[in-house]
>>> print(open('work.txt').read())   # compact mmCIF, C-alpha atoms
# COMPACT_ATOMS: atom_id res chain seq x y z
CA MET A 1 -42.89 86.22 -53.51
CA LYS A 2 -45.20 85.51 -56.44
CA GLN A 3 -42.15 85.04 -58.67
CA LEU A 4 -40.69 82.51 -56.22
CA ILE A 5 -43.97 80.59 -56.16
CA LEU A 6 -44.12 80.63 -59.96
CA ILE A 7 -40.50 79.43 -60.25
CA PHE A 8 -41.12 76.65 -57.72
CA GLY A 9 -44.28 75.63 -59.56
CA LEU A 10 -42.45 75.45 -62.89
CA PHE A 11 -39.64 73.48 -61.23
CA LEU A 12 -42.15 70.99 -59.78
CA VAL A 13 -43.86 70.56 -63.16
CA ALA A 14 -40.46 69.93 -64.77
CA ILE A 15 -39.55 67.28 -62.15
CA LEU A 16 -42.90 65.51 -62.59
CA ALA A 17 -42.45 65.58 -66.36
CA ILE A 18 -38.98 64.04 -66.02
CA ASP A 19 -40.31 61.31 -63.70
CA LYS A 20 -43.13 60.53 -66.11
CA GLN A 21 -40.72 60.44 -69.05
CA ALA A 22 -38.43 58.08 -67.11
CA VAL A 23 -41.34 55.67 -66.63
CA VAL A 24 -42.24 55.91 -70.32
CA ASN A 25 -38.62 55.20 -71.29
CA ILE A 26 -38.49 52.13 -69.03
CA GLU A 27 -41.70 50.76 -70.52
CA LYS A 28 -40.40 51.43 -74.04
CA THR A 29 -37.12 49.67 -73.22
CA ARG A 30 -39.03 46.70 -71.85
CA MET A 31 -41.12 46.53 -75.01
CA ASP A 32 -37.98 46.68 -77.16
CA TYR A 33 -36.55 43.71 -75.27
CA TYR A 34 -39.77 41.73 -75.74
CA TYR A 35 -39.77 42.38 -79.48
CA GLU A 36 -36.09 41.39 -79.69
CA TYR A 37 -36.63 38.05 -77.93
CA ALA A 38 -39.80 37.43 -79.94
CA ASP A 39 -37.91 37.94 -83.22
CA ALA A 40 -35.14 35.61 -82.07
CA THR A 41 -37.40 32.78 -80.88
CA GLY A 42 -40.73 33.06 -82.67
CA ILE A 43 -42.51 33.32 -79.31
CA ASP A 44 -45.29 35.92 -79.20
CA TRP A 45 -43.93 39.01 -77.42
CA VAL A 46 -47.11 39.11 -75.30
CA VAL A 47 -46.20 35.72 -73.77
CA ILE A 48 -42.69 36.96 -72.91
CA ALA A 49 -44.10 40.21 -71.51
CA THR A 50 -46.66 38.30 -69.43
CA VAL A 51 -44.04 36.19 -67.66
CA ASP A 52 -41.72 39.16 -67.15
CA GLN A 53 -44.61 41.20 -65.71
CA PHE A 54 -45.49 38.44 -63.24
CA GLU A 55 -41.84 38.17 -62.23
CA ARG A 56 -41.74 41.94 -61.84
CA ASN A 57 -44.75 41.77 -59.53
CA THR A 58 -43.22 39.11 -57.28
CA ARG A 59 -39.46 39.69 -57.29
CA LYS A 60 -39.36 41.82 -54.13
CA TYR A 61 -40.90 38.94 -52.16
CA LYS A 62 -38.22 36.42 -53.12
CA GLY A 63 -35.07 37.89 -51.61
CA TYR A 64 -32.69 36.77 -54.37
CA CYS A 65 -33.64 39.05 -57.27
CA ASN A 66 -31.80 42.03 -58.74
CA MET A 67 -34.29 44.85 -58.24
CA GLU A 68 -32.31 47.16 -60.55
CA ASN A 69 -32.85 45.12 -63.71
CA ILE A 70 -35.31 46.51 -66.23
CA LEU A 71 -36.33 42.97 -67.13
CA SER A 72 -37.46 41.03 -64.06
CA PHE A 73 -36.88 37.36 -64.87
CA CYS A 74 -35.60 36.02 -61.55
CA ILE A 75 -34.51 32.46 -60.85
CA ASP A 76 -33.83 30.72 -57.54
CA PRO A 77 -30.03 30.36 -57.13
CA GLN A 78 -30.28 26.61 -56.54
CA ILE A 79 -32.35 26.09 -59.67
CA TRP A 80 -29.97 28.38 -61.56
CA SER A 81 -26.91 26.39 -60.46
CA GLY A 82 -28.51 22.94 -60.62
CA LEU A 83 -29.67 20.55 -57.94
CA GLY A 84 -26.67 18.90 -56.29
CA ASN A 85 -24.33 21.75 -57.17
CA GLU A 86 -22.61 22.81 -53.93
CA ILE A 87 -21.85 26.24 -55.40
CA THR A 88 -24.96 28.28 -54.76
CA ASP A 89 -25.63 30.81 -57.50
CA ASP A 90 -22.83 29.38 -59.67
CA ASN A 91 -21.77 31.37 -62.76
CA ASN A 92 -19.56 28.71 -64.37
CA VAL A 93 -21.42 27.58 -67.48
CA ILE A 94 -19.66 24.17 -67.50
CA ASN A 95 -20.55 23.43 -63.87
CA ILE A 96 -24.12 24.60 -64.35
CA ALA A 97 -24.56 22.41 -67.42
CA HIS A 98 -23.08 19.43 -65.55
CA PHE A 99 -25.69 19.77 -62.80
CA MET A 100 -28.45 20.47 -65.34
CA GLY A 101 -28.95 23.98 -63.97
CA PHE A 102 -31.08 26.74 -65.41
CA GLY A 103 -28.37 29.33 -66.00
CA LEU A 104 -27.06 30.26 -69.44
CA ASP A 105 -24.68 32.89 -70.80
CA GLY A 106 -26.91 35.46 -72.50
CA ASP A 107 -24.46 38.28 -73.18
CA GLY A 108 -21.52 36.21 -74.45
CA ASP A 109 -19.04 37.08 -71.69
CA GLY A 110 -18.42 33.44 -70.78
CA TYR A 111 -20.33 33.56 -67.48
CA ALA A 112 -23.88 32.71 -66.48
CA ASP A 113 -24.66 35.34 -63.84
CA SER A 114 -28.17 35.16 -62.38
CA TRP A 115 -28.01 38.89 -61.47
CA ASN A 116 -27.09 39.83 -65.03
CA GLN A 117 -30.20 40.95 -66.90
CA GLU A 118 -29.14 39.49 -70.25
CA ASP A 119 -28.21 36.14 -68.70
CA SER A 120 -31.36 35.74 -66.59
CA ALA A 121 -33.72 36.86 -69.37
CA TYR A 122 -32.02 34.68 -71.99
CA SER A 123 -32.13 31.67 -69.65
CA PHE A 124 -35.82 32.09 -68.86
CA VAL A 125 -36.82 32.67 -72.48
CA GLN A 126 -34.78 29.62 -73.50
CA TYR A 127 -36.65 27.58 -70.87
CA MET A 128 -39.95 28.67 -72.45
CA PHE A 129 -38.64 28.02 -75.96
CA ASN A 130 -37.79 24.44 -74.97
CA TYR A 131 -41.53 23.77 -74.72
CA GLY A 132 -42.36 25.35 -78.08
CA THR A 133 -43.36 28.72 -79.47
CA GLU A 134 -47.13 28.62 -78.97
CA LYS A 135 -48.67 30.18 -75.88
CA ASP A 136 -50.45 27.01 -74.73
CA GLU A 137 -47.25 24.95 -75.06
CA ILE A 138 -45.26 27.48 -73.05
CA PHE A 139 -47.90 27.83 -70.34
CA ALA A 140 -48.02 24.05 -70.03
CA GLY A 141 -44.28 24.14 -69.40
CA LEU A 142 -44.65 26.94 -66.88
CA THR A 143 -46.98 24.79 -64.78
CA HIS A 144 -43.91 22.68 -63.94
CA TYR A 145 -41.79 25.71 -63.14
CA TYR A 146 -44.27 27.57 -60.93
CA ASP A 147 -46.13 24.52 -59.58
CA ASN A 148 -49.02 26.71 -58.44
CA GLU A 149 -52.54 26.66 -59.87
CA LYS A 150 -53.35 30.23 -58.84
CA THR A 151 -50.15 31.54 -60.41
CA MET A 152 -51.14 29.98 -63.71
CA LYS A 153 -54.58 31.59 -63.48
CA VAL A 154 -52.98 34.98 -62.81
CA LEU A 155 -50.61 34.49 -65.76
CA GLU A 156 -53.61 33.80 -68.01
CA GLN A 157 -55.26 37.01 -66.78
CA ILE A 158 -52.14 39.13 -67.26
CA TYR A 159 -51.80 37.69 -70.76
CA ALA A 160 -55.44 38.59 -71.58
CA ILE A 161 -54.96 42.20 -70.47
CA ILE A 162 -51.65 42.81 -72.26
CA ASN A 163 -52.93 41.08 -75.38
CA GLU A 164 -56.06 43.27 -75.39
CA PHE A 165 -54.20 46.58 -75.11
CA GLN A 166 -50.90 45.54 -76.75
CA THR A 167 -48.72 47.28 -74.16
CA VAL A 168 -47.38 46.90 -70.61
CA ASP A 169 -47.89 50.60 -69.91
CA LEU A 170 -51.16 50.10 -68.07
CA ASP A 171 -50.79 51.92 -64.76
CA VAL A 172 -53.62 54.45 -65.19
CA ARG A 173 -56.03 54.45 -62.22
CA VAL A 174 -59.32 56.27 -61.60
CA PHE A 175 -61.68 56.59 -58.64
CA PRO A 176 -64.47 53.94 -58.62
CA ILE A 177 -67.32 56.50 -58.45
CA PRO A 178 -67.45 58.90 -61.43
CA LYS A 179 -67.27 62.66 -61.09
CA GLY A 180 -70.62 64.30 -60.41
CA TYR A 181 -71.91 61.61 -58.05
CA ARG A 182 -71.82 61.59 -54.25
CA ALA A 183 -68.87 59.66 -52.84
CA ASP A 184 -68.37 60.02 -49.08
CA TYR A 185 -65.70 57.93 -47.40
CA GLY A 186 -63.13 57.83 -44.64
CA ASP A 187 -60.40 55.44 -43.56
CA ASN A 188 -62.39 52.64 -41.92
CA TYR A 189 -60.03 49.89 -43.08
CA GLY A 190 -59.46 47.36 -40.30
CA ALA A 191 -62.59 48.27 -38.34
CA SER A 192 -64.24 45.35 -36.53
CA ARG A 193 -67.14 43.48 -38.10
CA SER A 194 -69.33 40.79 -36.52
CA PHE A 195 -71.64 39.41 -39.22
CA GLY A 196 -70.32 36.03 -40.31
CA GLY A 197 -67.98 35.88 -37.31
CA ARG A 198 -65.59 38.33 -35.73
CA ARG A 199 -63.39 39.83 -38.44
CA SER A 200 -61.80 43.07 -39.61
CA HIS A 201 -63.00 45.29 -42.43
CA GLU A 202 -60.81 44.60 -45.48
CA GLY A 203 -61.68 47.65 -47.51
CA ILE A 204 -63.08 51.18 -47.63
CA ASP A 205 -66.81 51.98 -47.68
CA ILE A 206 -67.75 54.68 -50.19
CA PHE A 207 -71.27 55.96 -49.53
CA SER A 208 -73.37 57.01 -52.48
CA LYS A 209 -76.94 56.84 -53.72
CA ARG A 210 -78.39 53.53 -54.83
CA TYR A 211 -77.87 52.88 -58.57
CA THR A 212 -74.87 55.23 -58.80
CA PRO A 213 -72.56 53.81 -61.49
CA ILE A 214 -69.37 52.05 -60.37
CA VAL A 215 -66.41 52.02 -62.74
CA SER A 216 -63.32 49.88 -62.98
CA THR A 217 -60.39 51.73 -61.49
CA THR A 218 -57.91 49.85 -63.67
CA TYR A 219 -57.10 47.92 -66.82
CA GLY A 220 -58.02 44.42 -65.77
CA VAL A 221 -59.97 41.23 -66.29
CA ILE A 222 -63.16 40.17 -64.53
CA ASP A 223 -62.05 37.44 -62.11
CA ALA A 224 -65.31 36.93 -60.23
CA LYS A 225 -68.93 38.00 -60.54
CA GLY A 226 -72.03 36.99 -58.62
CA TRP A 227 -73.34 36.59 -55.09
CA ASN A 228 -71.22 36.50 -51.96
CA ARG A 229 -72.89 36.06 -48.55
CA LEU A 230 -70.92 38.94 -47.02
CA GLY A 231 -70.42 41.11 -50.11
CA GLY A 232 -73.78 40.60 -51.79
CA TYR A 233 -73.58 41.10 -55.53
CA ARG A 234 -69.88 41.65 -56.13
CA ILE A 235 -67.29 41.85 -58.88
CA GLY A 236 -63.58 41.11 -58.67
CA VAL A 237 -61.10 42.63 -61.16
CA ARG A 238 -57.44 41.64 -61.44
CA ASP A 239 -54.87 43.93 -63.05
CA ILE A 240 -51.43 43.14 -64.51
CA TYR A 241 -49.75 43.98 -61.18
CA ASN A 242 -51.14 40.98 -59.24
CA THR A 243 -53.66 43.26 -57.56
CA TYR A 244 -57.22 42.05 -57.06
CA GLU A 245 -59.88 44.76 -56.74
CA TYR A 246 -63.06 43.82 -54.90
CA TYR A 247 -66.30 45.76 -55.48
CA ALA A 248 -69.14 44.68 -53.16
CA HIS A 249 -72.79 45.34 -52.19
CA LEU A 250 -73.78 46.17 -55.79
CA SER A 251 -77.44 46.59 -56.72
CA SER A 252 -76.71 45.11 -60.16
CA PHE A 253 -73.99 44.51 -62.73
CA ALA A 254 -73.28 46.26 -66.01
CA LYS A 255 -75.23 44.56 -68.76
CA GLY A 256 -73.33 41.88 -70.68
CA LEU A 257 -70.29 41.82 -68.41
CA GLU A 258 -68.98 38.31 -67.72
CA VAL A 259 -66.05 36.59 -66.00
CA GLY A 260 -63.04 36.72 -68.31
CA ASP A 261 -63.98 40.03 -69.93
CA VAL A 262 -61.27 42.68 -70.12
CA VAL A 263 -62.14 46.13 -68.78
CA LYS A 264 -60.45 49.53 -68.72
CA PRO A 265 -60.34 52.49 -66.30
CA GLY A 266 -63.64 54.36 -66.22
CA GLN A 267 -65.69 51.52 -67.70
CA VAL A 268 -68.98 50.96 -65.85
CA ILE A 269 -69.03 47.51 -64.22
CA GLY A 270 -71.98 47.84 -61.83
CA TYR A 271 -74.14 50.04 -59.63
CA VAL A 272 -74.15 50.98 -55.96
CA GLY A 273 -76.53 49.01 -53.77
CA ASP A 274 -77.16 47.55 -50.33
CA THR A 275 -76.97 43.81 -50.98
CA GLY A 276 -75.38 41.20 -48.75
CA TYR A 277 -75.37 39.74 -45.23
CA GLY A 278 -77.66 36.86 -46.10
CA LYS A 279 -78.88 34.53 -48.83
CA GLU A 280 -78.87 35.70 -52.44
CA GLY A 281 -81.06 38.74 -52.97
CA THR A 282 -80.81 40.03 -49.38
CA ARG A 283 -81.02 43.82 -49.32
CA GLY A 284 -81.45 46.63 -46.82
CA LYS A 285 -79.16 45.44 -44.02
CA PHE A 286 -77.22 48.73 -44.29
CA VAL A 287 -77.29 52.01 -46.20
CA PRO A 288 -76.26 51.90 -49.88
CA HIS A 289 -72.52 52.04 -50.42
CA LEU A 290 -69.65 50.52 -52.34
CA HIS A 291 -67.22 48.37 -50.40
CA PHE A 292 -63.87 48.66 -52.23
CA GLY A 293 -61.04 46.30 -51.33
CA LEU A 294 -57.51 45.67 -52.60
CA TYR A 295 -55.61 42.38 -52.37
CA LYS A 296 -52.06 41.53 -53.41
CA TYR A 297 -50.76 38.15 -54.60
CA ASP A 298 -47.02 37.47 -54.16
CA GLY A 299 -46.88 34.18 -56.04
CA ARG A 300 -47.84 32.08 -53.02
CA ASN A 301 -50.03 34.08 -50.65
CA THR A 302 -52.77 36.72 -50.90
CA TRP A 303 -53.41 39.51 -48.41
CA SER A 304 -55.50 42.67 -48.20
CA PHE A 305 -54.06 46.17 -47.92
CA ASN A 306 -55.57 49.56 -47.22
CA PRO A 307 -56.99 51.30 -50.33
CA TYR A 308 -57.50 54.66 -48.58
CA ARG A 309 -54.35 56.49 -49.71
CA PHE A 310 -54.85 55.30 -53.28
CA LEU A 311 -58.47 56.45 -53.38
CA LYS A 312 -57.34 59.86 -52.16
CA LYS A 313 -55.09 60.37 -55.18
CA TRP A 314 -56.98 58.58 -57.98
CA PRO A 315 -58.81 61.14 -60.16
CA ARG A 316 -62.56 61.01 -60.71
CA LYS A 317 -63.58 60.72 -64.35
>>> encode(input="work.txt", output="structure tokens")
Amino acid sequence: MKQLILIFGLFLVAILAIDKQAVVNIEKTRMDYYYEYADATGIDWVVIATVDQFERNTRKYKGYCNMENILSFCIDPQIWSGLGNEITDDNNVINIAHFMGFGLDGDGDGYADSWNQEDSAYSFVQYMFNYGTEKDEIFAGLTHYYDNEKTMKVLEQIYAIINEFQTVDLDVRVFPIPKGYRADYGDNYGASRSFGGRRSHEGIDIFSKRYTPIVSTTYGVIDAKGWNRLGGYRIGVRDIYNTYEYYAHLSSFAKGLEVGDVVKPGQVIGYVGDTGYGKEGTRGKFVPHLHFGLYKYDGRNTWSFNPYRFLKKWPRK
């Protein structure tokens, strides 16, 4: 029996190692593509990686993207084919050019196929190149493509994170309360709340002693910092995956931390408190705890989702 358990354990370790290696290989392949396009165009690879990462984050919400592609550049079929082109998702390069469509032949097979990774990536990078090779020139051009102020802000944040760490392999997560400190919590996401009007609880409360350090769970950038009537002293961190992490009811912030700063997993960003439910400085309306919330942005809309199952698996550092 012990031998069977040992064999199963070794088998499980091997499977996990293979899965981890597969992820590493995908990230390496992505990086290789970015370097290749950067060499060909003179565009900083971080800019190319930033746009691809944003597209990767939003492609499953669009309904017309090839989810199997390693690169995630994904273009609306009508934009690909050209306005006025009756052939939706056209792959004829002559027709597409006639209707001033987006699609180009990236792999040299004579077709411009929006589901082909080489074609879609080449077309999108060429669109960026048309505006120049500098980051500010390209982002100015992307404002026309995305036509969304929040999207442009998120792109700037993703750029800042990737540029700081020089990689897209940034999926490490840790629990927001370090090891050695009390951290009691349950799944109270969605519970009713009445202060400020009837509403549901968009997060998980983690109870700990006042002044317990709170750490960033992710590689991210400080999106918001300051007082919120409901959340008290709070910090918002956005990662490269379009996820916004909300830390509320803090007693104080980490010294020197400001909006726009890049943080990493395990970095102290504040301290547990009992602030909120009133004007700035209000304390003592509830026992000290950290309210931790997660929000996703799909390129148009933002919504909260339950952090409980993630907190259960994130390690404490």
>>> residues_around(input="work.txt", residues="Trp314 in chain A", least_positions_apart="6", cutoff="7 Å", atoms="all atoms listed in the file", output="list in words")
Arg173, Val174 and Phe175 of chain A
>>> closest_residue(input="work.txt", among="A:Ile48, A:Gly106, A:Gly203, A:Ser304", to="Tyr189 in chain A", atoms="only C-alpha atoms")
A:Gly203
>>> residues_around(input="work.txt", residues="Ala248 in chain A", least_positions_apart="6", cutoff="8 Å", atoms="only C-alpha atoms", output="mmCIF file with C-alpha atoms, keeping the file's coordinate frame")
data_model
loop_
_atom_site.group_PDB
_atom_site.id
_atom_site.type_symbol
_atom_site.label_atom_id
_atom_site.label_comp_id
_atom_site.auth_asym_id
_atom_site.auth_seq_id
_atom_site.Cartn_x
_atom_site.Cartn_y
_atom_site.Cartn_z
ATOM 1 C CA GLY A 231 -70.420 41.110 -50.110
ATOM 2 C CA GLY A 232 -73.780 40.600 -51.790
ATOM 3 C CA TYR A 233 -73.580 41.100 -55.530
ATOM 4 C CA ARG A 234 -69.880 41.650 -56.130
ATOM 5 C CA ILE A 235 -67.290 41.850 -58.880
ATOM 6 C CA LEU A 290 -69.650 50.520 -52.340
ATOM 7 C CA HIS A 291 -67.220 48.370 -50.400
ATOM 8 C CA PHE A 292 -63.870 48.660 -52.230
#
>>> residues_around(input="work.txt", residues="Phe73 in chain A", least_positions_apart="5", cutoff="8 Å", atoms="all atoms listed in the file", output="list in words")
Val51, Asp52, Glu55, Arg56, Gln117, Ser120, Ala121 and Phe124 of chain A
>>> atom_distance(input="work.txt", atom1="CA of Ile26 in chain A", atom2="CA of Pro307 in chain A")
26.3 Å
>>> residues_around(input="work.txt", residues="range 91-103 of chain A", least_positions_apart="6", cutoff="7 Å", atoms="only C-alpha atoms", output="PyMOL selection string")
chain A and resi 79-85+111-114+123
>>> atom_distance(input="work.txt", atom1="CA of Pro77 in chain A", atom2="CA of Val47 in chain A")
23.8 Å
>>> axis_aligned_box(input="work.txt", around="range 22-40 of chain A", padding_each_side="5 Å", output="lines of an AutoDock Vina configuration file")
center_x = -38.7
center_y = 46.8
center_z = -74.9
size_x = 17.1
size_y = 32.5
size_z = 26.6
>>> build_atoms(input="work.txt", residues="range 84-110 of chain A", atoms="N, CA and C atoms", output="CSV table (one decimal), in the coordinates of the input")
chain,number,residue,atom,x,y,z
A,84,GLY,N,-27.9,19.7,-56.6
A,84,GLY,CA,-26.7,18.9,-56.3
A,84,GLY,C,-25.4,19.7,-56.4
A,85,ASN,N,-25.5,20.9,-57.0
A,85,ASN,CA,-24.3,21.8,-57.2
A,85,ASN,C,-24.1,22.5,-55.8
A,86,GLU,N,-22.9,22.2,-55.2
A,86,GLU,CA,-22.6,22.8,-53.9
A,86,GLU,C,-22.3,24.3,-54.0
A,87,ILE,N,-22.1,24.8,-55.2
A,87,ILE,CA,-21.8,26.2,-55.4
A,87,ILE,C,-23.2,26.9,-55.7
A,88,THR,N,-23.7,27.6,-54.6
A,88,THR,CA,-25.0,28.3,-54.8
A,88,THR,C,-24.8,29.5,-55.7
A,89,ASP,N,-25.7,29.7,-56.6
A,89,ASP,CA,-25.6,30.8,-57.5
A,89,ASP,C,-24.3,30.8,-58.3
A,90,ASP,N,-24.0,29.6,-58.9
A,90,ASP,CA,-22.8,29.4,-59.7
A,90,ASP,C,-22.9,30.2,-61.0
A,91,ASN,N,-21.8,30.7,-61.5
A,91,ASN,CA,-21.8,31.4,-62.8
A,91,ASN,C,-20.9,30.7,-63.8
A,92,ASN,N,-20.4,29.5,-63.5
A,92,ASN,CA,-19.6,28.7,-64.4
A,92,ASN,C,-20.5,27.9,-65.3
A,93,VAL,N,-20.5,28.2,-66.6
A,93,VAL,CA,-21.4,27.6,-67.5
A,93,VAL,C,-21.2,26.1,-67.6
A,94,ILE,N,-19.9,25.6,-67.4
A,94,ILE,CA,-19.7,24.2,-67.5
A,94,ILE,C,-20.2,23.5,-66.3
A,95,ASN,N,-20.0,24.0,-65.1
A,95,ASN,CA,-20.6,23.4,-63.9
A,95,ASN,C,-22.1,23.4,-63.9
A,96,ILE,N,-22.7,24.5,-64.3
A,96,ILE,CA,-24.1,24.6,-64.4
A,96,ILE,C,-24.7,23.6,-65.3
A,97,ALA,N,-24.1,23.4,-66.5
A,97,ALA,CA,-24.6,22.4,-67.4
A,97,ALA,C,-24.4,21.0,-66.9
A,98,HIS,N,-23.3,20.8,-66.1
A,98,HIS,CA,-23.1,19.4,-65.6
A,98,HIS,C,-24.2,19.1,-64.6
A,99,PHE,N,-24.6,20.0,-63.8
A,99,PHE,CA,-25.7,19.8,-62.8
A,99,PHE,C,-27.1,20.1,-63.3
A,100,MET,N,-27.2,20.2,-64.7
A,100,MET,CA,-28.4,20.5,-65.3
A,100,MET,C,-29.2,21.7,-64.7
A,101,GLY,N,-28.4,22.8,-64.5
A,101,GLY,CA,-29.0,24.0,-64.0
A,101,GLY,C,-29.6,24.8,-65.0
A,102,PHE,N,-30.3,25.9,-64.6
A,102,PHE,CA,-31.1,26.7,-65.4
A,102,PHE,C,-30.2,27.8,-66.1
A,103,GLY,N,-29.1,28.2,-65.5
A,103,GLY,CA,-28.4,29.3,-66.0
A,103,GLY,C,-27.7,29.2,-67.3
A,104,LEU,N,-27.7,30.2,-68.1
A,104,LEU,CA,-27.1,30.3,-69.4
A,104,LEU,C,-26.4,31.6,-69.6
A,105,ASP,N,-25.4,31.7,-70.5
A,105,ASP,CA,-24.7,32.9,-70.8
A,105,ASP,C,-25.4,33.6,-71.9
A,106,GLY,N,-26.1,34.7,-71.5
A,106,GLY,CA,-26.9,35.5,-72.5
A,106,GLY,C,-26.2,36.6,-73.2
A,107,ASP,N,-25.1,37.1,-72.6
A,107,ASP,CA,-24.5,38.3,-73.2
A,107,ASP,C,-23.1,37.9,-73.8
A,108,GLY,N,-22.7,36.6,-73.8
A,108,GLY,CA,-21.5,36.2,-74.4
A,108,GLY,C,-20.2,36.5,-73.7
A,109,ASP,N,-20.3,36.8,-72.4
A,109,ASP,CA,-19.0,37.1,-71.7
A,109,ASP,C,-18.4,35.8,-71.1
A,110,GLY,N,-19.0,34.7,-71.3
A,110,GLY,CA,-18.4,33.4,-70.8
A,110,GLY,C,-18.9,33.0,-69.4
